[in-house]
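Engineer: Attaching a single structure in structure tokens format; questions to follow.
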Amino acid sequence: MVVVDLDGKGGRGKPAAFLRYQDHLVLYRSFEGIRGICHTHSAHAVAWAQARRGIPCLGTTHADQTAGEIPCTAMISAEALAKDYELGTGELIVETFKARSPSRCRW
Ligand SMILES: [Zn+2]
């Protein structure tokens with residue numbers, strides 16, 4: 001685990017070659033209520049994302065964690081991809097959540 005401030009500075013810990021956090025910083029800066037981000041590529045979540053579909057709320061276990069569907073973002077644009085993939089990804093996630101009804105969004 002690497003600890004950085006909201007500007008991405010002051011890293012402590014052992015950086016890994018695959019370390020990504022710029023997208024997370026965009027989320028922390030955009031949503032005050034975020035207390036942590038768990039970034040995973042679980043097989044089932046990836047399947048939904050690859051199908052370009054949000055994950056519907058089908059039960060109480062899901063409902064305990066989030067209110068409603070877990071959204072899938074639009075595809076990142078070629079321009080954002082070429083410019084800064086991590087930053088563009090973070091901005092896309094923010095746009096997606098902000099477009100949702102606040103009543104369905106705990107963040
Ligand atoms: Zn990822």
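As shown in the structure tokens, the chain order sets the letters A, B, ...; within each chain, residues go from 1, and ligands are also counted from 1 in the order they appear.
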Got a sec to tell me which of chain A DSSP assigns to strand (DSSP E or B), as a count of residues only?

Structural biologist: 4

Engineer: Can you pull out every residue with an atom within 12 Å of ligand 1? Use only C-alpha atoms and all ligand atoms and format it as a PDB file with C-alpha atoms, in the first residue's frame.

Structural biologist:
ATOM      1  CA  PHE A  18       1.564  -1.181 -11.833  1.00  0.00           C
ATOM      2  CA  LEU A  19       0.616   1.415  -9.234  1.00  0.00           C
ATOM      3  CA  ARG A  20      -2.309   3.580 -10.302  1.00  0.00           C
ATOM      4  CA  TYR A  21      -3.863   6.248  -8.217  1.00  0.00           C
ATOM      5  CA  GLN A  22      -4.563   9.316 -10.380  1.00  0.00           C
ATOM      6  CA  ASP A  23      -8.073   8.072 -11.083  1.00  0.00           C
ATOM      7  CA  HIS A  24      -8.630   7.561  -7.358  1.00  0.00           C
ATOM      8  CA  ILE A  37     -11.636   2.994  -2.649  1.00  0.00           C
ATOM      9  CA  CYS A  38     -11.332  -0.691  -3.335  1.00  0.00           C
ATOM     10  CA  HIS A  39     -10.106  -1.183  -6.872  1.00  0.00           C
ATOM     11  CA  THR A  40     -10.622  -4.709  -8.082  1.00  0.00           C
ATOM     12  CA  HIS A  41     -11.059  -6.588 -11.304  1.00  0.00           C
ATOM     13  CA  SER A  42     -13.171  -9.457 -10.076  1.00  0.00           C
ATOM     14  CA  ALA A  43     -14.174 -11.854 -12.838  1.00  0.00           C
ATOM     15  CA  ALA A  45     -17.588  -7.404 -12.345  1.00  0.00           C
ATOM     16  CA  VAL A  46     -15.326  -7.469 -15.392  1.00  0.00           C
ATOM     17  CA  ALA A  49     -18.165  -4.118 -17.638  1.00  0.00           C
ATOM     18  CA  TYR A  85      -5.737   7.260 -19.211  1.00  0.00           C
ATOM     19  CA  GLU A  86      -5.912   7.372 -15.411  1.00  0.00           C
ATOM     20  CA  THR A  89     -10.898   7.247 -16.222  1.00  0.00           C
ATOM     21  CA  GLY A  90     -11.394   9.152 -12.967  1.00  0.00           C
ATOM     22  CA  ILE A  93     -16.384   7.806 -13.228  1.00  0.00           C
TER      23      ILE A  93
END

Engineer: Near Ile70 in chain A, counting only C-alpha atoms, which residues have an atom at most 9 Å away, once you skip same-chain residues fewer than 4 positions from it, shown as a list in words?

Structural biologist: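 After dropping sequence-adjacent residues, the list is Gly54, Ile55, Pro56, Cys57 and Thr66 of chain A.
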
Engineer: Dump C-alpha atoms for the selected residues as a PDB file, in the first residue's frame?

Structural biologist:
ATOM      1  CA  GLY A  54     -24.314  -1.704 -14.975  1.00  0.00           C
ATOM      2  CA  ILE A  55     -24.745  -4.310 -12.267  1.00  0.00           C
ATOM      3  CA  PRO A  56     -28.380  -4.350 -11.172  1.00  0.00           C
ATOM      4  CA  CYS A  57     -29.273  -4.563  -7.505  1.00  0.00           C
ATOM      5  CA  THR A  66     -24.945   0.669  -2.434  1.00  0.00           C
TER       6      THR A  66
END
